[in-house]
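S.K.: My structure is stored as work-v6.cif, with mmCIF, C-alpha atoms.
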```cif
data_work
loop_
_atom_site.label_atom_id
_atom_site.label_comp_id
_atom_site.auth_asym_id
_atom_site.auth_seq_id
_atom_site.Cartn_x
_atom_site.Cartn_y
_atom_site.Cartn_z
CA MET L 1 -148.01 103.06 97.66
CA THR L 2 -145.54 101.07 95.60
CA VAL L 3 -143.91 98.12 97.34
CA ARG L 4 -140.46 97.28 96.01
CA LEU L 5 -138.36 94.26 96.95
CA LEU L 6 -134.59 94.53 96.63
CA THR L 7 -133.14 91.04 96.77
CA ASP L 8 -129.94 89.13 95.94
CA ILE L 9 -127.94 91.72 97.90
CA GLY L 10 -124.49 90.24 98.50
CA ARG L 11 -123.59 92.48 101.44
CA LEU L 12 -125.65 95.20 103.11
CA TRP L 13 -124.01 97.93 105.22
CA ASN L 14 -127.02 99.01 107.28
CA GLY L 15 -125.28 101.81 109.18
CA THR L 16 -124.23 99.53 112.04
CA GLU L 17 -122.98 96.27 110.59
CA ILE L 18 -122.67 94.16 107.46
CA VAL L 19 -125.50 91.74 106.70
CA SER L 20 -124.64 89.06 104.14
CA ASN L 21 -127.17 87.74 101.61
CA ALA L 22 -129.68 90.49 102.43
CA ALA L 23 -132.98 91.86 101.22
CA ILE L 24 -134.85 95.15 101.65
CA VAL L 25 -138.54 95.95 101.27
CA LEU L 26 -139.43 99.53 100.32
CA HIS L 27 -142.90 100.93 100.96
CA GLY L 28 -143.29 104.20 99.14
CA ASP L 29 -140.50 106.50 100.26
CA THR L 30 -139.48 104.53 103.36
CA ILE L 31 -137.89 101.19 104.23
CA ALA L 32 -140.45 98.70 105.55
CA TRP L 33 -137.99 95.92 106.32
CA ALA L 34 -134.27 95.18 105.93
CA GLY L 35 -132.18 92.21 106.97
CA SER L 36 -130.98 88.75 106.06
CA ARG L 37 -132.75 87.20 103.08
CA ALA L 38 -133.30 84.09 105.18
CA ALA L 39 -135.33 86.16 107.66
CA LEU L 40 -137.47 87.94 105.05
CA PRO L 41 -141.08 87.73 106.27
CA SER L 42 -143.74 86.33 103.98
CA ARG L 43 -145.97 89.33 104.79
CA ILE L 44 -145.57 92.74 106.37
CA PRO L 45 -148.74 93.95 108.11
CA GLY L 46 -149.90 97.30 106.81
CA VAL L 47 -147.56 97.02 103.84
CA ILE L 48 -148.21 93.87 101.82
CA GLU L 49 -149.87 90.50 102.36
CA ARG L 50 -147.39 88.53 100.25
CA VAL L 51 -143.90 89.97 99.85
CA VAL L 52 -143.39 87.84 96.74
CA ASP L 53 -146.15 89.90 95.10
CA ALA L 54 -144.25 93.17 95.42
CA ASP L 55 -145.00 95.69 92.66
CA GLN L 56 -141.34 95.72 91.66
CA ILE L 57 -138.64 93.14 92.36
CA ASP L 58 -135.04 94.28 91.80
CA ARG L 59 -132.42 91.51 91.85
CA LEU L 60 -129.01 92.99 92.58
CA ASP L 61 -126.77 90.07 91.61
CA GLY L 62 -124.70 90.04 94.79
CA ALA L 63 -123.94 93.76 94.87
CA LEU L 64 -122.86 95.70 97.96
CA VAL L 65 -125.68 97.98 99.16
CA THR L 66 -125.40 100.93 101.56
CA PRO L 67 -127.62 103.78 102.63
CA GLY L 68 -127.21 106.78 100.35
CA LEU L 69 -124.02 108.61 101.33
CA ILE L 70 -124.29 112.04 102.96
CA ASP L 71 -121.86 114.90 102.27
CA ALA L 72 -121.79 116.99 105.45
CA HIS L 73 -119.71 119.95 104.17
CA THR L 74 -119.99 121.64 100.76
CA HIS L 75 -119.84 125.13 99.24
CA PRO L 76 -121.56 124.63 95.85
CA VAL L 77 -123.04 128.09 95.15
CA TYR L 78 -120.36 129.85 93.14
CA ALA L 79 -119.40 130.81 89.60
CA GLY L 80 -116.02 130.71 87.91
CA ASN L 81 -113.00 128.74 89.07
CA ARG L 82 -109.71 129.27 90.87
CA TRP L 83 -107.60 126.76 89.00
CA ALA L 84 -104.73 129.21 88.44
CA GLU L 85 -104.64 129.90 92.18
CA LEU L 86 -104.59 126.20 93.01
CA SER L 87 -101.69 125.76 90.61
CA MET L 88 -99.80 128.57 92.33
CA ARG L 89 -100.45 127.12 95.78
CA SER L 90 -99.32 123.65 94.70
CA GLY L 91 -96.02 125.27 93.74
CA GLY L 92 -95.58 126.84 97.16
CA ALA L 93 -97.06 130.30 96.62
CA SER L 94 -98.15 132.08 99.80
CA LEU L 95 -101.66 133.40 100.41
CA GLU L 96 -100.30 136.95 99.99
CA GLU L 97 -98.86 136.05 96.59
CA VAL L 98 -102.13 134.43 95.55
CA VAL L 99 -104.17 137.47 96.58
CA SER L 100 -101.73 139.82 94.84
CA ALA L 101 -102.27 137.81 91.67
CA GLY L 102 -106.05 138.28 91.94
CA GLY L 103 -106.91 135.02 93.69
CA GLY L 104 -108.43 134.18 97.03
CA LEU L 105 -112.01 134.02 98.22
CA SER L 106 -112.69 137.59 97.08
CA SER L 107 -112.17 136.49 93.47
CA SER L 108 -115.01 133.96 93.82
CA VAL L 109 -117.18 136.65 95.39
CA THR L 110 -116.52 139.01 92.49
CA VAL L 111 -117.32 136.43 89.80
CA THR L 112 -120.37 135.05 91.62
CA ARG L 113 -121.81 138.53 92.16
CA GLY L 114 -121.37 139.23 88.45
CA THR L 115 -123.15 136.04 87.32
CA ASP L 116 -126.83 136.21 86.40
CA PRO L 117 -129.18 134.13 88.59
CA TRP L 118 -130.19 131.71 85.82
CA THR L 119 -126.58 130.85 84.96
CA LEU L 120 -125.73 130.41 88.63
CA ARG L 121 -128.74 128.14 89.10
CA THR L 122 -127.64 126.03 86.13
CA LEU L 123 -124.12 125.68 87.52
CA VAL L 124 -125.33 124.64 90.98
CA ARG L 125 -127.91 122.24 89.58
CA SER L 126 -125.26 120.52 87.47
CA ARG L 127 -123.00 120.04 90.50
CA MET L 128 -125.83 118.66 92.57
CA ARG L 129 -126.75 116.17 89.85
CA ASP L 130 -123.14 114.95 89.92
CA TRP L 131 -123.42 114.29 93.66
CA LEU L 132 -126.53 112.18 93.26
CA ARG L 133 -125.19 110.22 90.30
CA ALA L 134 -122.13 109.35 92.40
CA GLY L 135 -124.29 107.88 95.18
CA THR L 136 -124.67 110.89 97.49
CA THR L 137 -128.35 111.26 98.32
CA THR L 138 -128.06 114.17 100.79
CA ILE L 139 -125.71 117.14 100.82
CA GLU L 140 -125.18 120.00 103.22
CA ALA L 141 -124.87 123.10 101.02
CA LYS L 142 -123.54 126.45 102.21
CA THR L 143 -123.99 129.94 100.83
CA GLY L 144 -121.12 132.40 101.21
CA TYR L 145 -119.98 133.81 97.86
CA HIS L 146 -122.27 136.82 97.59
CA LEU L 147 -121.75 138.35 101.05
CA THR L 148 -124.66 140.77 100.57
CA ARG L 149 -128.08 140.45 102.16
CA ASP L 150 -129.97 140.03 98.89
CA GLY L 151 -127.35 137.75 97.34
CA GLU L 152 -127.07 135.42 100.33
CA LEU L 153 -130.84 135.16 100.72
CA ALA L 154 -131.19 134.48 96.99
CA ASP L 155 -128.65 131.66 97.40
CA VAL L 156 -130.69 130.17 100.25
CA ARG L 157 -133.82 130.26 98.06
CA LEU L 158 -131.89 128.76 95.15
CA LEU L 159 -130.72 125.81 97.23
CA ARG L 160 -134.15 125.30 98.76
CA SER L 161 -135.81 125.29 95.34
CA LEU L 162 -133.31 122.78 93.94
CA ALA L 163 -133.83 120.48 96.92
CA ALA L 164 -137.17 119.45 95.44
CA GLY L 165 -135.87 119.00 91.91
CA GLU L 166 -136.02 115.75 89.97
CA GLY L 167 -132.69 113.97 89.73
CA LEU L 168 -131.17 115.99 92.58
CA PRO L 169 -130.16 114.98 96.10
CA ARG L 170 -131.84 116.10 99.29
CA VAL L 171 -130.30 119.36 100.55
CA HIS L 172 -129.59 120.73 104.02
CA VAL L 173 -129.16 124.50 103.50
CA THR L 174 -126.60 126.39 105.59
CA PHE L 175 -126.52 130.20 105.74
CA LEU L 176 -122.84 131.24 105.62
CA ALA L 177 -122.81 134.99 105.07
CA ALA L 178 -120.06 134.98 107.73
CA SER L 179 -117.57 133.42 105.34
CA ALA L 180 -115.46 136.57 105.13
CA VAL L 181 -115.82 140.32 105.50
CA PRO L 182 -116.57 141.66 101.99
CA PRO L 183 -114.44 144.44 100.47
CA GLU L 184 -117.07 147.13 100.93
CA TYR L 185 -117.02 146.57 104.71
CA ARG L 186 -113.27 146.73 105.21
CA GLY L 187 -112.66 149.02 108.14
CA HIS L 188 -116.26 148.47 109.26
CA ARG L 189 -116.26 144.80 110.20
CA ASP L 190 -118.41 145.40 113.30
CA GLU L 191 -121.14 146.68 111.00
CA TYR L 192 -120.91 143.56 108.85
CA VAL L 193 -121.05 141.23 111.84
CA ALA L 194 -124.15 143.05 113.09
CA ALA L 195 -125.68 142.93 109.61
CA VAL L 196 -125.15 139.15 109.25
CA ALA L 197 -126.71 138.60 112.66
CA ALA L 198 -129.71 140.67 111.57
CA TRP L 199 -130.08 138.66 108.34
CA CYS L 200 -130.45 135.33 110.15
CA GLN L 201 -134.20 135.73 110.64
CA ASP L 202 -134.65 136.37 106.92
CA ALA L 203 -132.42 133.40 106.09
CA ALA L 204 -134.61 131.13 108.19
CA ALA L 205 -137.72 132.47 106.46
CA ALA L 206 -136.07 131.88 103.06
CA GLY L 207 -135.51 128.18 103.88
CA ALA L 208 -132.13 127.85 105.60
CA ASP L 209 -131.69 124.98 108.05
CA SER L 210 -128.40 126.01 109.68
CA VAL L 211 -126.14 128.98 110.29
CA ASP L 212 -122.35 128.76 110.09
CA VAL L 213 -119.37 131.05 110.73
CA VAL L 214 -115.76 130.69 109.59
CA CYS L 215 -113.92 131.20 112.87
CA GLU L 216 -110.20 131.35 112.18
CA GLN L 217 -107.36 133.81 111.79
CA GLY L 218 -108.19 136.45 109.18
CA ARG L 219 -111.92 135.63 109.17
CA PHE L 220 -114.10 135.95 112.28
CA THR L 221 -113.20 135.92 115.96
CA ALA L 222 -114.82 133.72 118.59
CA ASP L 223 -116.76 136.72 119.97
CA GLU L 224 -118.04 137.61 116.49
CA ALA L 225 -119.01 134.00 115.83
CA ARG L 226 -120.80 133.80 119.18
CA LEU L 227 -122.93 136.84 118.31
CA ILE L 228 -123.91 135.54 114.85
CA LEU L 229 -124.61 131.98 116.00
CA ALA L 230 -126.76 133.24 118.87
CA ALA L 231 -128.80 135.31 116.43
CA GLY L 232 -129.13 132.32 114.11
CA GLU L 233 -130.23 130.00 116.87
CA ALA L 234 -132.80 132.57 118.05
CA ALA L 235 -134.15 132.55 114.48
CA GLY L 236 -134.51 128.75 114.57
CA LEU L 237 -131.32 127.89 112.67
CA ILE L 238 -129.06 125.02 113.76
CA PRO L 239 -125.62 126.39 114.74
CA ARG L 240 -122.45 124.91 113.28
CA LEU L 241 -118.93 126.31 113.08
CA HIS L 242 -115.94 126.23 110.75
CA ALA L 243 -113.13 125.45 113.19
CA GLY L 244 -110.34 124.59 110.86
CA GLY L 245 -107.44 126.87 111.59
CA ASP L 246 -105.16 127.76 114.49
CA ALA L 247 -106.48 126.37 117.77
CA GLY L 248 -105.68 129.77 119.26
CA THR L 249 -108.95 131.10 117.90
CA GLY L 250 -110.81 128.88 120.35
CA ALA L 251 -113.26 127.82 117.63
CA ALA L 252 -113.58 124.17 118.66
CA ARG L 253 -114.12 125.07 122.30
CA LEU L 254 -116.66 127.70 121.25
CA ALA L 255 -118.56 125.04 119.29
CA ALA L 256 -118.60 122.92 122.45
CA GLU L 257 -119.69 125.84 124.62
CA LEU L 258 -122.59 126.69 122.32
CA GLY L 259 -123.61 123.08 121.72
CA CYS L 260 -123.21 123.43 117.97
CA ALA L 261 -124.40 120.58 115.79
CA SER L 262 -120.90 120.34 114.32
CA ALA L 263 -117.41 121.72 114.44
CA ASP L 264 -115.98 121.41 110.94
CA LEU L 265 -112.48 120.72 109.56
CA LEU L 266 -110.60 120.84 112.94
CA ASN L 267 -107.17 120.66 111.31
CA GLY L 268 -105.65 122.63 114.19
CA ALA L 269 -107.56 120.91 117.00
CA THR L 270 -105.70 120.14 120.23
CA ASP L 271 -106.27 117.45 122.85
CA ASP L 272 -108.21 120.01 124.90
CA ASP L 273 -110.41 120.77 121.87
CA VAL L 274 -111.15 117.07 121.39
CA ALA L 275 -112.01 116.68 125.07
CA ALA L 276 -114.38 119.65 124.94
CA LEU L 277 -116.16 118.33 121.84
CA ALA L 278 -116.49 114.89 123.42
CA ALA L 279 -117.95 116.30 126.62
CA ALA L 280 -120.45 118.44 124.70
CA GLY L 281 -121.45 115.73 122.20
CA VAL L 282 -120.62 117.97 119.22
CA SER L 283 -120.06 116.17 115.92
CA ALA L 284 -116.75 116.63 114.10
CA VAL L 285 -117.07 117.05 110.35
CA VAL L 286 -113.73 116.29 108.72
CA CYS L 287 -112.75 116.69 105.08
CA PRO L 288 -109.89 114.44 103.93
CA ALA L 289 -109.35 116.51 100.75
CA SER L 290 -108.84 119.84 102.55
CA GLY L 291 -105.07 119.70 102.23
CA PRO L 292 -104.58 122.78 100.02
CA ASP L 293 -105.89 125.06 102.79
CA TYR L 294 -104.20 123.52 105.82
CA ASP L 295 -100.77 122.16 106.69
CA THR L 296 -102.04 119.62 109.20
CA VAL L 297 -104.75 116.96 109.33
CA PRO L 298 -107.44 116.77 112.01
CA PRO L 299 -106.82 114.39 114.92
CA VAL L 300 -109.34 111.85 113.64
CA ARG L 301 -108.04 108.89 115.67
CA SER L 302 -108.21 110.93 118.85
CA LEU L 303 -111.74 112.10 118.00
CA LEU L 304 -112.87 108.52 117.44
CA ASP L 305 -111.12 107.19 120.54
CA ARG L 306 -112.72 109.90 122.70
CA GLY L 307 -116.19 109.09 121.36
CA VAL L 308 -116.70 112.24 119.31
CA PRO L 309 -119.24 111.51 116.52
CA VAL L 310 -117.28 111.87 113.27
CA ALA L 311 -118.82 112.83 109.92
CA LEU L 312 -117.28 113.18 106.48
CA GLY L 313 -117.56 116.01 103.99
CA SER L 314 -116.02 116.68 100.62
CA GLY L 315 -115.19 120.30 101.41
CA HIS L 316 -116.20 121.07 97.80
CA ALA L 317 -115.38 124.73 97.16
CA PRO L 318 -113.80 126.71 94.32
CA GLY L 319 -110.59 127.27 96.28
CA MET L 320 -110.36 123.78 97.79
CA ASN L 321 -111.54 120.94 95.55
CA GLY L 322 -114.25 120.00 93.06
CA ILE L 323 -115.09 116.59 94.54
CA THR L 324 -118.71 115.50 94.13
CA SER L 325 -118.19 111.81 94.99
CA MET L 326 -118.52 110.74 98.60
CA ALA L 327 -117.17 107.33 97.61
CA LEU L 328 -113.91 109.14 96.82
CA VAL L 329 -114.11 110.98 100.14
CA VAL L 330 -114.48 107.63 101.93
CA ALA L 331 -111.39 106.33 100.11
CA LEU L 332 -109.42 109.46 101.04
CA ALA L 333 -110.52 109.18 104.67
CA ILE L 334 -109.17 105.64 104.76
CA GLU L 335 -105.89 106.72 103.14
CA ASN L 336 -105.31 110.14 104.73
CA PHE L 337 -106.88 109.72 108.16
CA GLY L 338 -106.14 106.05 108.82
CA MET L 339 -109.81 105.22 109.24
CA SER L 340 -110.98 101.66 108.75
CA VAL L 341 -113.48 100.96 106.00
CA SER L 342 -116.30 100.55 108.52
CA GLU L 343 -115.33 103.76 110.36
CA ALA L 344 -115.28 105.74 107.12
CA LEU L 345 -118.59 104.28 105.91
CA ARG L 346 -120.18 105.02 109.28
CA ALA L 347 -118.89 108.61 109.12
CA ALA L 348 -120.30 109.06 105.59
CA THR L 349 -123.73 107.76 106.59
CA VAL L 350 -124.75 107.69 110.26
CA GLY L 351 -122.12 110.26 111.27
CA SER L 352 -123.07 112.77 108.61
CA ALA L 353 -126.78 112.35 109.37
CA ARG L 354 -126.09 113.11 113.02
CA ALA L 355 -123.97 116.16 112.19
CA LEU L 356 -126.88 117.54 110.15
CA ARG L 357 -129.39 116.44 112.80
CA LEU L 358 -131.30 114.36 110.29
CA THR L 359 -133.42 111.48 111.52
CA GLY L 360 -134.15 108.40 109.43
CA ARG L 361 -131.21 108.92 107.09
CA GLY L 362 -127.83 107.24 106.80
CA VAL L 363 -129.27 103.87 107.84
CA ALA L 364 -130.94 100.94 106.09
CA ALA L 365 -133.55 100.03 108.67
CA ALA L 366 -137.32 99.91 108.98
CA GLY L 367 -138.79 103.41 109.09
CA ALA L 368 -135.77 105.10 107.52
CA ALA L 369 -135.85 107.01 104.24
CA ALA L 370 -135.55 104.70 101.24
CA ASP L 371 -132.30 106.31 100.06
CA LEU L 372 -130.04 103.44 98.97
CA VAL L 373 -127.11 102.69 96.70
CA ALA L 374 -126.09 99.40 95.10
CA TRP L 375 -122.39 99.74 94.29
CA ASP L 376 -120.33 98.28 91.47
CA ALA L 377 -118.68 95.98 93.98
CA ASP L 378 -119.48 92.92 96.06
CA HIS L 379 -117.55 93.93 99.20
CA GLU L 380 -117.12 97.15 101.19
CA GLY L 381 -113.35 96.77 100.90
CA ALA L 382 -113.74 98.19 97.39
CA PHE L 383 -113.98 101.64 99.00
CA ALA L 384 -110.38 101.28 100.16
CA TRP L 385 -109.16 100.10 96.76
CA SER L 386 -111.08 102.05 94.14
CA TYR L 387 -110.82 105.82 93.99
CA SER L 388 -113.53 105.84 91.33
CA LEU L 389 -116.14 103.48 92.77
CA ARG L 390 -119.48 104.07 91.06
CA PRO L 391 -123.05 103.00 91.82
CA ARG L 392 -124.89 100.37 89.80
CA ARG L 393 -128.28 101.53 91.09
CA ILE L 394 -129.54 104.42 93.25
CA TRP L 395 -132.91 104.85 94.97
CA LEU L 396 -133.97 108.22 96.37
CA GLY L 397 -137.15 108.18 98.41
CA GLY L 398 -137.84 104.69 97.11
CA GLU L 399 -137.66 105.69 93.44
CA PRO L 400 -134.88 104.56 91.10
CA VAL L 401 -132.64 107.41 89.97
CA ALA L 402 -132.13 107.57 86.22
CA GLY L 403 -128.56 107.05 85.12
#
```
Write out the structure in this file as structure tokens.

M.R.:
Amino acid sequence: MTVRLLTDIGRLWNGTEIVSNAAIVLHGDTIAWAGSRAALPSRIPGVIERVVDADQIDRLDGALVTPGLIDAHTHPVYAGNRWAELSMRSGGASLEEVVSAGGGLSSSVTVTRGTDPWTLRTLVRSRMRDWLRAGTTTIEAKTGYHLTRDGELADVRLLRSLAAGEGLPRVHVTFLAASAVPPEYRGHRDEYVAAVAAWCQDAAAAGADSVDVVCEQGRFTADEARLILAAGEAAGLIPRLHAGGDAGTGAARLAAELGCASADLLNGATDDDVAALAAAGVSAVVCPASGPDYDTVPPVRSLLDRGVPVALGSGHAPGMNGITSMALVVALAIENFGMSVSEALRAATVGSARALRLTGRGVAAAGAAADLVAWDADHEGAFAWSYSLRPRRIWLGGEPVAG
């Protein structure tokens, strides 16, 4: 396997701390060694006899290096846009006014259902390439804009097939047929809930990793979410839960009760919700650009102070935002949530890996995946200053990513 030496690293965020004047040795698709350049061994048993004879030596001219960033919350499988709706909402239009004008989630469902599979694949692939080029090496990607058995399963297969594509990030696939009750089931929501629960086994067979439910006013109740998540877990899917709205739905406490991998958004979370998540060890996935959908921000400081593992997501969705840069998400977390640079970086790496239950990702340490980014900066403080920070170099599985 190829041995690659990355040297002249000005500062390395390894997932725990900053190491100045660092070096990293890659062995195939994993990290063989990472640390201070002064401590670089002359040989690594089982890897190479003389590190100076590495197959490739990349000198990074003092750049800041981090593990590849991880986006823990995205909805990338859709066609069309809802720009007119977003314009209306920015001007104070109510949800009822938006829906009356033809907007809302159902508009994305209609357009996505009417888009041929090849065009949809091209759209999703293009978005995913944007994530990788911006330094995001893993994304969590949800279905949820077909809301039919065949359409949702096709979306799972689409995401799974793209996960192996050249020039694309790694993908954690989440089955989200419980995004909303589709129009054809209005008046028969119990039938749809039962149907989604029955589809979970097929979703797992098609390649899904997780199952999710939007548990908030106007979507699905806690009892409905419990039924679907139980069916998903029985099928081998990791349970996670959208818990973004009114705390009265009990979504956050349900996520704690069920031991979900994550409770996402949490804009309406109370002190009791935070305590329940902390006690259960459930990760909180927060999205600092989710403002258009919610009037409040999640209690991030309380989550951190109580020891809840915090992860970051873009919340990319046609009705929320089109962000495909986790560097921007880190900057927004610092600005909107009052997180420190190190807290935000940890949430976008180690925290997101934990929320997705991924091992060996989000860290720059021996044995971890060789997913790394050298940024166009020499200090991590650039994340707090630049809202358009870009990578100089990206490695995915030890291989350089073409620009």

S.K.: Evaluate the PyMOL selection byres ((chain L and resi 13) around 10) here and jot the selected residues down as a PDB file with C-alpha atoms, keeping the file's coordinate frame.

M.R.:
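As written to disk, expr-v2.pdb reads:
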```pdb
ATOM      1  CA  ARG L  11    -123.590  92.480 101.440  1.00  0.00           C
ATOM      2  CA  LEU L  12    -125.650  95.200 103.110  1.00  0.00           C
ATOM      3  CA  ASN L  14    -127.020  99.010 107.280  1.00  0.00           C
ATOM      4  CA  GLY L  15    -125.280 101.810 109.180  1.00  0.00           C
ATOM      5  CA  THR L  16    -124.230  99.530 112.040  1.00  0.00           C
ATOM      6  CA  GLU L  17    -122.980  96.270 110.590  1.00  0.00           C
ATOM      7  CA  ILE L  18    -122.670  94.160 107.460  1.00  0.00           C
ATOM      8  CA  VAL L  19    -125.500  91.740 106.700  1.00  0.00           C
ATOM      9  CA  SER L  20    -124.640  89.060 104.140  1.00  0.00           C
ATOM     10  CA  ALA L  22    -129.680  90.490 102.430  1.00  0.00           C
ATOM     11  CA  LEU L  64    -122.860  95.700  97.960  1.00  0.00           C
ATOM     12  CA  VAL L  65    -125.680  97.980  99.160  1.00  0.00           C
ATOM     13  CA  THR L  66    -125.400 100.930 101.560  1.00  0.00           C
ATOM     14  CA  PRO L  67    -127.620 103.780 102.630  1.00  0.00           C
ATOM     15  CA  SER L 342    -116.300 100.550 108.520  1.00  0.00           C
ATOM     16  CA  LEU L 345    -118.590 104.280 105.910  1.00  0.00           C
ATOM     17  CA  ARG L 346    -120.180 105.020 109.280  1.00  0.00           C
ATOM     18  CA  THR L 349    -123.730 107.760 106.590  1.00  0.00           C
ATOM     19  CA  VAL L 363    -129.270 103.870 107.840  1.00  0.00           C
ATOM     20  CA  ALA L 364    -130.940 100.940 106.090  1.00  0.00           C
ATOM     21  CA  HIS L 379    -117.550  93.930  99.200  1.00  0.00           C
ATOM     22  CA  GLU L 380    -117.120  97.150 101.190  1.00  0.00           C
TER      23      GLU L 380
END
```

S.K.: Convert the output of the PyMOL selection byres ((chain L and resi 394) around 12) on the shown file into explicit residues, formatted as number ranges by chain.

M.R.: L: 6, 58, 60, 64-69, 131-137, 167-169, 370-376, 390-393, 395-403

S.K.: Given the choices L:Val286, L:Val52, L:Leu5, L:Ala252, which gets closest to L:Ala34 if the distance is worked out from only C-alpha atoms?

M.R.: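 Ranked by minimum distance to L:Ala34, first place goes to L:Leu5.
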
S.K.: Do you have the atom CA of L:Ala23-atom CA of L:Ile70 distance handy?

M.R.: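 That distance, rounded to one decimal, is 22.0 Å.
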
S.K.: Tell me which protein, DNA and RNA residues are within 10 Å of stretch 181-184 of chain L, counting all atoms listed in the file, leaving out same-chain ones fewer than 5 positions away, and put them as a VMD selection string.

M.R.: chain L and resid 105 to 106 109 to 110 145 to 148 189 to 193 218 to 220

S.K.: Could you check which of L:Thr296, L:Thr359, L:Asn267, L:Thr174 is closest to L:Lys142, using all atoms listed in the file?

M.R.: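 Nearest candidate to L:Lys142 out of L:Thr296, L:Thr359, L:Asn267, L:Thr174: L:Thr174.
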
S.K.: Determine the nearest neighbour of L:Val173 from the options L:Ala141, L:Val124, L:Cys200, L:Val211, counting all atoms listed in the file.

M.R.: L:Ala141

S.K.: What does the structure give for the distance between atom CA of L:Ala234 and atom CA of L:Leu312, in Å to one decimal?

M.R.: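 Interatomic distance here is 27.4 Å.
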
S.K.: Restricting the calculation to only C-alpha atoms: of L:Arg301, L:Arg357, L:His75, L:Arg113, which residue gets closest to L:Ser314?

M.R.: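 Ranked by minimum distance to L:Ser314, first place goes to L:His75.
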
S.K.: Please indicate the distance in Å from atom CA of L:Gly338 to atom CA of L:Ser302, rounded to one decimal place.

M.R.: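 Atom CA of L:Ser302 lies at a distance of 11.3 Å from atom CA of L:Gly338.
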
S.K.: Would you write out, as a list of chain:residue names, every residue that the PyMOL selection byres ((chain L and resi 254) around 10) captures in this file?

M.R.: L:Cys215, L:Ala222, L:Asp223, L:Ala225, L:Arg226, L:Leu241, L:Ala243, L:Thr249, L:Gly250, L:Ala251, L:Ala252, L:Arg253, L:Ala255, L:Ala256, L:Glu257, L:Leu258, L:Gly259, L:Cys260, L:Ala263, L:Asp273, L:Ala276, L:Leu277

S.K.: Considering all atoms listed in the file, state which residue in the set L:Ala198, L:His73, L:Thr115, L:Ala206 is at the smallest distance from L:Ala154.

M.R.: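 For L:Ala154, the nearest of the given residues is L:Ala206.
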
S.K.: If we count all atoms listed in the file and set the cut-off at 9 Å, which residues sit around L:Ser283, ignoring sequence neighbours fewer than 6 positions away in its own chain? Please answer as a list of chain:residue names.

M.R.: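 Those residues are L:Cys260, L:Ala261, L:Ser262, L:Ala263, L:Asp264, L:Leu277, L:Val308, L:Pro309, L:Val310, L:Ala311, L:Gly351, L:Ser352, L:Arg354, L:Ala355.
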
S.K.: Residues within 8 Å of L:Arg59, please, as a list in words. Count all atoms listed in the file; anything in the same chain fewer than 4 positions from it doesn't count.

M.R.: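 The residues satisfying every condition are Leu6, Thr7, Asp8 and Ile9 of chain L.
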
S.K.: Near L:Asn336, within 9 Å and counting all atoms listed in the file, which residues show up once chain neighbours fewer than 3 positions away are dropped, as a list of chain:residue names?

M.R.: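 Near L:Asn336, the qualifying residues are L:Pro288, L:Ala289, L:Val297, L:Ala331, L:Leu332, L:Ala333, L:Met339.
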
S.K.: Selected residues, C-alpha atoms, written as a tab-separated table (two decimals), in the coordinates of the input, please.

M.R.:
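Dumped to out-v5.tsv:
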```tsv
chain	number	residue	atom	x	y	z
L	288	PRO	CA	-109.89	114.44	103.93
L	289	ALA	CA	-109.35	116.51	100.75
L	297	VAL	CA	-104.75	116.96	109.33
L	331	ALA	CA	-111.39	106.33	100.11
L	332	LEU	CA	-109.42	109.46	101.04
L	333	ALA	CA	-110.52	109.18	104.67
L	339	MET	CA	-109.81	105.22	109.24
```

S.K.: Could you check the closest approach to L:Ala348 for each of L:Ile238, L:Ala327, L:Ala269, L:Ala32 and tell me which residue wins, using only C-alpha atoms?

M.R.: L:Ala327
